[in-house]
Each structure stands twice: as C-alpha cells, then as structure tokens.
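First the structure, in the form of structure tokens, and then the observations on it.
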Amino acid sequence: MAEALAEPGVSIRLPDGSERHYAQPVAGADVAASISKSLSKAAIAVKIDGTLRDLTTPVPNGATVEIVTRESPEALEMIRHDAAHVMAEAVQTLFPGTQVTIGPPIENGFYYDFSRSEPFSPDDLTAIEAKMREIVKRSDPFVREVWDRTDAISYFEGVGERYKAEIIRDLPEDETITVYRQGAWLDLCRGPHQPTTGHVGQAFKLMKVAGAYWRGDSRNEMLQRIYGTAWRSDKELKDYLEQLEEAERRDHRRVGREMDLFHFQEEAPGQPFWHDKGWTIYTTLLDFMRRKIRRKGYTEVNTPQLLDATFWHQSGHWDKYRDNMFILQREEAHDAALKPMSCPGAAQLYRHTVHSYRDLPIRMAEFGKVFRREASGARHGLMRVQSFTQDDAHIFCTDEQLEDEVVGMAELIEEVYADLGFTDVMVKFATRPEQRIGNDADWDRAEAVLHKACQRISLNWEMNPGDGAFYAPKLDFYLRDAIGRSWQCGTIQVDMNMPHRLGLAYVDEAGERRTPNMVHRAILGSVERFMGVMLEHYAGRLPLWLAPVQAVVATITSDADAYAAEVTALLRAKGLRVEADLRNEKINYKVREHSVGRIPLLVVVGKREAEERTVALRRLGGSAQEILALDAAILTLAEEAAEPDQPAAASSSGPTH
C-alpha cells in the first residue's frame, strides 16, 4: 500500500519512533508492505500496542506497530502453536472420530491432547508426521472467524467435539469466540497465527505419546498427549535433538546409578534413599552453604515438620496451597499438615521474642525438610520429589533496610552459583498473580523494592508479569547448564502480607509497634533438585572438592599393596576422601571401572613406584599419566581438593620418607 499524508486516515508509530500515515484503514500486512517488499515477505505477525496479532488485524489510529518476522523472539511460539494445529488436523484426517481438546505451544515444542479409544503407536506417530508435512506443503491460509457463542457450541456438539463445546461453555459470557480455519479443517482458538500452514516449515518432529487427564484432574478421562518439537530451521532442530541425546547421557538418574549415589523405591514414592557416596555430596554441599551464610550474618534454626492447621490458615496456605500439602487428621485436635515450606515456623520463632529495631535485620536460615504432594506422573528422580530439604532463609527487616538486604541476597546467590560452576545466571522479576492475598498498596511497595534492587545487581534480569507467589512478588534465579538448559533454583520473595497475618512486630525508635518486612530466600532451592542439576551439568564429573570419592589408589601388582595402603593413609590424613583398590585385576580393568564411577583421580602404584616412592596420576577423561614424587603428589592433590571458600590444607606433616 502506498504511503499517503491525506487526512483523515490512520497514523501509526513504529518502534524506532517514526510515524506513518495512511489515507485509508490498514492491517498489519499493509504496514509491512508499505515499509519494504522484503519485510512484507518476511512478516508473520504484528504487535499492536505490544499485543501480538494476526497480520490481517486492522490497525487502529494512533497505535504503535511492530512487524514480527521469523527471527523475532515471538516467532518460535507461533511456529509451535501453528504446528499443534497442523498435528491436530493430521490426526483427525488419519483417525476419524478422534476428539481434539487443547494444544498449546510449550518450551521447545508443542503438544495436543486427544480423546481416542485406541492408543497411538510409534507407527501412528510416523504416519501423523508425514501427513503434517503434506499439510505444511499445502500452505493453507489461517483464517480467523468470530462465531456466535450458541452457534459454536451447537457446531462442536454436532460434529462430536464435546470437549470443545465444554471449553466454550466455561468461557466468560463476554468472551469473543474465535475459530481458525486451515483449508477445510477448523479449530477453536484465540490465536494469533502465522499467515499459512506453510510458515510452520519442515523443521519439526513428533517425539512421544503420554497420558494426561482432561484439565489435569485425575477424576476426568485419561487423554493421549502427543508431544512434538518445532524450530525455525533444520539446524536448530538438529542441535536440539543432539542436546536431547546429550541430556539422556547426562540424566542424573543414570549417573546416580553408575556412581552409586541414590535410588528410589515404590514403597517410598518420591523420596530418595541416599547411599553413602550420595550423602557425602549432600553433606559436603550443606557444609559449604553453612559456611557461606554464617559469614553473611545468618543464624541457623530448625522448626517442626508437623504444624497445626491454624498456622496454615493464618499464613494463607490452607486456602491457596492445600492441594499440595499432606494433611493429617487428628481426633484429639485440629487437623495438621506436614510443612510444604518453612515460613510459618520461622515466623513463630520470630514471635517468641520481643524485638527492637536495633535487632533488625534478623537473618534466620533453616535447612528444613519439607513435604509436597506430587502426582506420580510429575515425579522425576531428584528433580521433582515429595520430600526434600530446602535451604530456606527468612529475613526480618525495616523498610529502610529492605532494599539493601535484597541486593545483598542477590549478590550472595551469584557468589554461590559461581563457586559451584554456574556463571550464566538470569533473574526473572515475577509480579503479582491474579489469585493473591493482601492489598495492592503492599504489593506496590514490594514490587517497587524489587525493581530498584534489579537495577543495582550485576545480573541480567527481565520481567515475568503475573508469576509471583500468592503472597509476594519475587526474583527467581535461573541457571544455564553445560548443554544450554535453564533451571530455576534460587528465589527472593518480598512478603508484606504474612507478617501482618501472623502478627509479627518490632518496637521502633519511638517505642511504637511496627510490622517488619519478611523476605523469603532460597539459594539452592530444593537441595535434592540442585544435586540433580549439578550431576547433569557436570555429567557426574563433579569438581574434586565435591566428588564423593576423590581418588582411588590402585595397585598394578600385589607387590605394591603395602605401599598403596601407606599412600592411602597419607592422603586421608590430608582430608581427602580416598579408597584403595588392591584387587587382583589388571590395571586397565580398574581404570575402566573407576571411570564409569566418575572417580576424578586414579593414583596408580606398582613395584617401581613403591621402590622410588612415586605415584602415577591418571585424571578422569584423560589417557596420559603424570609421574610425581609422593610428597609432591600429596601436596598437589590437597590443594586441588580444597573447597572454593576454604584455603588448601597446609603442609605441616613433614616428609613422608
């Protein structure tokens, strides 16, 4: 469309601040065409005043308009949304009578839930994917239609789509009912979509079938969920599939089995049995955390695991979080619950003493065992369990102290992650959700403090609107691991609601009672989950200070048994976790076996080493060996095994010969 200056017409503003004027109404596609032919060809959608829309959407006068292309951040979600529609058409074409329910884009892909009496087989997925490629090549336009609510219900019921009819009935009365067509097939959908099915491209793959209850409720019908992945290009798809293969090799459940760290049993669902080596990692990590927080002025406390229901009513958890709690019914008293989090207990500790403003801030840490109900299908090794330890802390402070406290917490979290090998960290600022407690004034104040703190910290951050906890806005800390995956671990939550609800107070300079701010803080989050993340990040090859067995002294022949025992004792005296392997096996067999167990160091000794008082060091993943005098080897390994916040063990034992 040619640009014109005639009035009246439509004026718009582009992201660079420039304005364009049109003599007649325009849609997003018209705006793209007026800018350049190349942009018109590349356009897949439009953002009007920040809201993503179809290219066919009319642009209102005075709007800010941004053209979305395949390279835009929003593109992947649109590609995946469109791919879900293409998959649904393919399924209903190949398997008539199958009902479609919901099919959203998700991280790295998409899914659609289907109601069908027969289970989908691997061969079915192959056929569905082939049909999808046909639909994409057909390149049918996505056409948006607005339907009357009653007509839409009648239509979907008439074609046997009772789930779609149910969805429409549950929508608010003033909701606009929109349907998208692609050729002869249609689906209930809010949109937006790309111009055609061809814009999906061919860089997609169907991954698996899983069960899923309708609307996530186990009382409803079990549906079949087909997962797929979709990307901008074949290279992106190839890279993602290779990442999945690498993730499978790094799976913490596999690594944990090979390293003999933990196991699960049906008799204790969602609760790990820690073996001695796994517990060594666990306790070493907690010792490290205890030293870190002690230097930052935290005290450590411990609160009961079973608390009366009155506490959970007061805190708001009984109404907002009860479905995730383990409830115990007691004949002689109120019901009680195993704590899903430690905050009400920490509040009771605070209340036990009268506090002055001079006492604040109080930084109260707790490595508390918590319990949360998780559906069996949601449990996943250490990553999602029903009982875990949270490295929780609650900070009670004045308004004047609050911002500095938040910044100090963020700096501590960054420091801990760097020591543990995670340097790519992103912060997401999650604001108030729709379902929440408290008043807007307190939420305003809490969000303002977090926003100021974000501007002061060194980490990259972005907004995450509406994803706060029901009681507080928060900063969530995301780690990126060695193969590019993101994990949310730490959190800082500024809570101005619970202190009021639980009656917390301090005496200010004027002798008046004031309500303190309460900040909830976790660094590792779930210790179990963080260990799973670490095992996958390092593929089990943990830093030497965290390795459950740091070295194995392995003999080549039995002539060296006595020397191997001496070397083992000397290394242990330096604080290293060392085992001796004196078995009558070939050294190459021992090397292979200990490599599978991710032993970082193999200290090999034979007759010659015993005579010369040397050792041969072999490092995990390497084929070369380093010959060192015993004294030098002991000093070297003691220095390497020093914890990141601790100096290396001093050399004070004198010569070993």
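Labeling convention for the structure tokens: chains A, B, ... as they appear, residues from 1 per chain, ligands from 1 in order of appearance.
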Neighbour list for Leu504 (chain A) as an NGL selection string, cut-off 8 Å, only C-alpha atoms, skip fewer than 6 positions in-chain: :A and (347 or 350-351 or 515-516)
Selected residues written out with C-alpha atoms, as a PDB file, in the first residue's frame:
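Wrote it out as out.pdb, contents follow:
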ATOM      1  CA  ALA A 347       7.511 -16.604  61.944  1.00  0.00           C
ATOM      2  CA  TYR A 350      10.446 -14.520  65.460  1.00  0.00           C
ATOM      3  CA  ARG A 351       7.287 -14.024  67.543  1.00  0.00           C
ATOM      4  CA  THR A 515       5.344  -4.614  61.379  1.00  0.00           C
ATOM      5  CA  PRO A 516       8.619  -5.864  59.893  1.00  0.00           C
TER       6      PRO A 516
END
Skipping near chain neighbours, those fewer than 6 positions away, what residues fall within 7 Å of Pro104 (chain A) using only C-alpha atoms, listed as an MDAnalysis selection string? chainID A and resid 81 84 110:112
From a DSSP calculation on the backbone, collect every residue of region 285-529 of chain A in strand (DSSP E or B) and output the set as a PyMOL selection string. chain A and resi 299-300+306-308+326-328+336-338+356+362-371+380+384+387-397+425-430+460-464+469+472+474-480+486-495+506-507+513-514+517-526
Please report the interatomic distance between CA of Gly103 (chain A) and CA of Glu245 (chain A) in Å with one decimal. 25.4 Å
When distances are computed from only C-alpha atoms, which of A:Tyr563, A:Trp318, A:Trp545, A:Phe273 shows the smallest separation from Ala638 (chain A)?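 Going through A:Tyr563, A:Trp318, A:Trp545, A:Phe273 one by one, the smallest distance to Ala638 (chain A) is for A:Trp545.
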Any idea what's packed within 9 Å of region 432-442 of chain A, counting only C-alpha atoms, ignoring anything in its chain fewer than 3 positions away? Could you give it as an MDAnalysis selection string? chainID A and resid 316 320 445:447 465:474 495:498
Could those selected residues go to a file with C-alpha atoms, as a PDB file, in the first residue's frame?
ATOM      1  CA  GLY A 316      -2.953 -18.366  53.724  1.00  0.00           C
ATOM      2  CA  LYS A 320      -4.235 -21.337  48.375  1.00  0.00           C
ATOM      3  CA  ARG A 445       5.716  -1.295  47.750  1.00  0.00           C
ATOM      4  CA  ALA A 446       7.163  -4.806  47.481  1.00  0.00           C
ATOM      5  CA  GLU A 447       7.395  -4.670  43.690  1.00  0.00           C
ATOM      6  CA  PRO A 465       4.394 -10.448  34.829  1.00  0.00           C
ATOM      7  CA  GLY A 466       1.809 -12.261  36.955  1.00  0.00           C
ATOM      8  CA  ASP A 467       4.053 -15.143  38.042  1.00  0.00           C
ATOM      9  CA  GLY A 468       4.621 -14.123  41.657  1.00  0.00           C
ATOM     10  CA  ALA A 469       3.699 -16.270  44.658  1.00  0.00           C
ATOM     11  CA  PHE A 470       0.198 -15.778  46.061  1.00  0.00           C
ATOM     12  CA  TYR A 471       1.709 -13.856  48.990  1.00  0.00           C
ATOM     13  CA  ALA A 472       4.642 -11.974  47.438  1.00  0.00           C
ATOM     14  CA  PRO A 473       6.378 -10.778  44.265  1.00  0.00           C
ATOM     15  CA  LYS A 474       9.761 -12.387  43.741  1.00  0.00           C
ATOM     16  CA  ASP A 495       6.486 -10.535  51.651  1.00  0.00           C
ATOM     17  CA  MET A 496       4.436  -7.758  53.213  1.00  0.00           C
ATOM     18  CA  ASN A 497       1.401  -9.971  53.787  1.00  0.00           C
ATOM     19  CA  MET A 498       2.431 -12.811  56.074  1.00  0.00           C
TER      20      MET A 498
END
Would you give me, as a list in words, the residues in region 384-427 of chain A that DSSP reads as alpha helix (DSSP H)?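 The alpha helix (DSSP H) subset of region 384-427 of chain A is Asp399, Glu400, Gln401, Leu402, Glu403, Asp404, Glu405, Val406, Val407, Gly408, Met409, Ala410, Glu411, Leu412, Ile413, Glu414, Glu415, Val416, Tyr417, Ala418 and Asp419 of chain A.
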Each residue of region 171-271 of chain A with at least one atom at most 8 Å from region 115-133 of chain A should appear once, together with its nearest atom pair and the corresponding distance in Å (one decimal); atoms considered: only C-alpha atoms; ordering: chain, then increasing residue number; output as JSON lines.
{"residue": "A:Gln202", "atom": "CA", "partner": "A:Arg133", "partner_atom": "CA", "distance": 6.7}
{"residue": "A:Lys205", "atom": "CA", "partner": "A:Glu129", "partner_atom": "CA", "distance": 7.0}
{"residue": "A:Leu206", "atom": "CA", "partner": "A:Glu129", "partner_atom": "CA", "distance": 6.5}
{"residue": "A:Lys208", "atom": "CA", "partner": "A:Leu125", "partner_atom": "CA", "distance": 7.9}
{"residue": "A:Val209", "atom": "CA", "partner": "A:Phe120", "partner_atom": "CA", "distance": 7.2}
{"residue": "A:Met222", "atom": "CA", "partner": "A:Ser115", "partner_atom": "CA", "distance": 7.9}
{"residue": "A:Leu223", "atom": "CA", "partner": "A:Ser115", "partner_atom": "CA", "distance": 5.2}
{"residue": "A:Gln224", "atom": "CA", "partner": "A:Ser115", "partner_atom": "CA", "distance": 6.4}
Among the residues A:Arg379, A:Pro600, A:Glu414, A:Ile634, the one that comes closest to Arg618 (chain A) [using only C-alpha atoms]: A:Pro600
Just give me the gap between CA of Pro192 (chain A) and CA of Thr57 (chain A) in Å, one decimal is fine.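 Straight-line distance from CA of Pro192 (chain A) to CA of Thr57 (chain A) works out to 9.6 Å.
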To one decimal place in Å, what is the distance between CA of Leu412 (chain A) and CA of Ala505 (chain A)? 26.9 Å
Just the residues within 8 Å of Ser233 (chain A), please, counting only C-alpha atoms, with nothing from its chain fewer than 2 positions along; format it as a ChimeraX atom specification. /A:201-203,231,235-237
Name the residues in contact with Glu166 (chain A) at a cut-off of 10 Å, using only C-alpha atoms, excluding same-chain residues fewer than 5 positions from it; report them as JSON, numbers by chain. {"A": [101, 153, 156, 157, 161, 171]}
Next, the residues of the selection above should be written as a compact mmCIF listing (two decimals), in the first residue's frame with C-alpha atoms.
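Wrote it out as again.txt, contents follow:
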# COMPACT_ATOMS: atom_id res chain seq x y z
CA THR A 101 -9.05 -30.96 23.29
CA ILE A 153 -21.47 -24.85 20.96
CA PHE A 156 -18.89 -28.63 18.01
CA GLU A 157 -21.51 -30.80 19.67
CA GLU A 161 -16.38 -32.42 19.71
CA LEU A 171 -15.59 -19.14 28.92
Write out as number ranges by chain the residues lying within 10 Å of Leu479 (chain A), counting only C-alpha atoms and excluding same-chain residues fewer than 5 positions away. A: 417, 422-427, 484-490, 533
Writing out the chosen residues with N, CA and C atoms as an mmCIF file, in the first residue's frame:
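Listing of out23.cif after writing:
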data_model
loop_
_atom_site.group_PDB
_atom_site.id
_atom_site.type_symbol
_atom_site.label_atom_id
_atom_site.label_comp_id
_atom_site.auth_asym_id
_atom_site.auth_seq_id
_atom_site.Cartn_x
_atom_site.Cartn_y
_atom_site.Cartn_z
ATOM 1 N N TYR A 417 26.577 -19.543 43.213
ATOM 2 C CA TYR A 417 26.480 -20.199 41.915
ATOM 3 C C TYR A 417 27.834 -20.218 41.203
ATOM 4 N N PHE A 422 28.400 -22.330 38.027
ATOM 5 C CA PHE A 422 27.328 -21.777 37.199
ATOM 6 C C PHE A 422 27.546 -20.271 37.069
ATOM 7 N N THR A 423 27.949 -19.830 35.893
ATOM 8 C CA THR A 423 28.238 -18.412 35.688
ATOM 9 C C THR A 423 27.229 -17.736 34.770
ATOM 10 N N ASP A 424 26.385 -18.514 34.100
ATOM 11 C CA ASP A 424 25.359 -17.940 33.230
ATOM 12 C C ASP A 424 24.042 -17.944 34.000
ATOM 13 N N VAL A 425 23.724 -16.796 34.614
ATOM 14 C CA VAL A 425 22.575 -16.694 35.518
ATOM 15 C C VAL A 425 21.666 -15.559 35.054
ATOM 16 N N MET A 426 20.380 -15.818 35.018
ATOM 17 C CA MET A 426 19.378 -14.823 34.639
ATOM 18 C C MET A 426 18.368 -14.684 35.771
ATOM 19 N N VAL A 427 17.925 -13.456 36.024
ATOM 20 C CA VAL A 427 16.915 -13.185 37.052
ATOM 21 C C VAL A 427 15.613 -12.815 36.369
ATOM 22 N N GLY A 484 23.086 -25.939 27.819
ATOM 23 C CA GLY A 484 22.204 -24.850 27.425
ATOM 24 C C GLY A 484 20.820 -24.837 28.026
ATOM 25 N N ARG A 485 20.521 -25.761 28.952
ATOM 26 C CA ARG A 485 19.192 -25.778 29.558
ATOM 27 C C ARG A 485 19.124 -24.807 30.731
ATOM 28 N N SER A 486 17.933 -24.280 30.973
ATOM 29 C CA SER A 486 17.731 -23.306 32.041
ATOM 30 C C SER A 486 16.994 -23.964 33.204
ATOM 31 N N TRP A 487 17.475 -23.698 34.440
ATOM 32 C CA TRP A 487 16.891 -24.282 35.646
ATOM 33 C C TRP A 487 16.619 -23.172 36.653
ATOM 34 N N GLN A 488 15.386 -23.091 37.139
ATOM 35 C CA GLN A 488 15.066 -22.123 38.191
ATOM 36 C C GLN A 488 15.398 -22.743 39.543
ATOM 37 N N CYS A 489 16.273 -22.075 40.296
ATOM 38 C CA CYS A 489 16.708 -22.620 41.583
ATOM 39 C C CYS A 489 16.468 -21.627 42.722
ATOM 40 N N GLY A 490 17.200 -20.534 42.744
ATOM 41 C CA GLY A 490 17.081 -19.589 43.834
ATOM 42 C C GLY A 490 15.876 -18.678 43.701
ATOM 43 N N VAL A 533 20.548 -31.228 39.182
ATOM 44 C CA VAL A 533 21.028 -30.272 38.174
ATOM 45 C C VAL A 533 22.547 -30.340 38.063
#
With distances taken over only C-alpha atoms, which residue among A:Ala346, A:Ala88, A:Ala337, A:Ala32 lies nearest Ile44 (chain A)? A:Ala32
Would you pick out the contacts of Asp392 (chain A) at 8 Å or less, using only C-alpha atoms, so that residues sharing its chain but fewer than 5 positions from it are not included, and give the list as a list in words?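 Contacts, in chain order: Ser342, Ala365, Glu366, Phe367, Gly368, His520, Arg521, Ala522, Ile523 and Gly525 of chain A.
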Now that the selection is made, can you save its residues with C-alpha atoms as a compact mmCIF listing (two decimals), in the first residue's frame?
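Wrote it out as result_18.txt, contents follow:
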# COMPACT_ATOMS: atom_id res chain seq x y z
CA SER A 342 9.24 -23.27 56.45
CA ALA A 365 18.36 -19.71 57.95
CA GLU A 366 16.91 -23.21 58.04
CA PHE A 367 17.84 -26.33 56.11
CA GLY A 368 14.33 -27.60 56.59
CA HIS A 520 11.84 -15.44 51.92
CA ARG A 521 15.13 -16.53 50.36
CA ALA A 522 16.49 -19.78 48.92
CA ILE A 523 19.75 -20.25 47.01
CA GLY A 525 16.11 -24.23 46.46
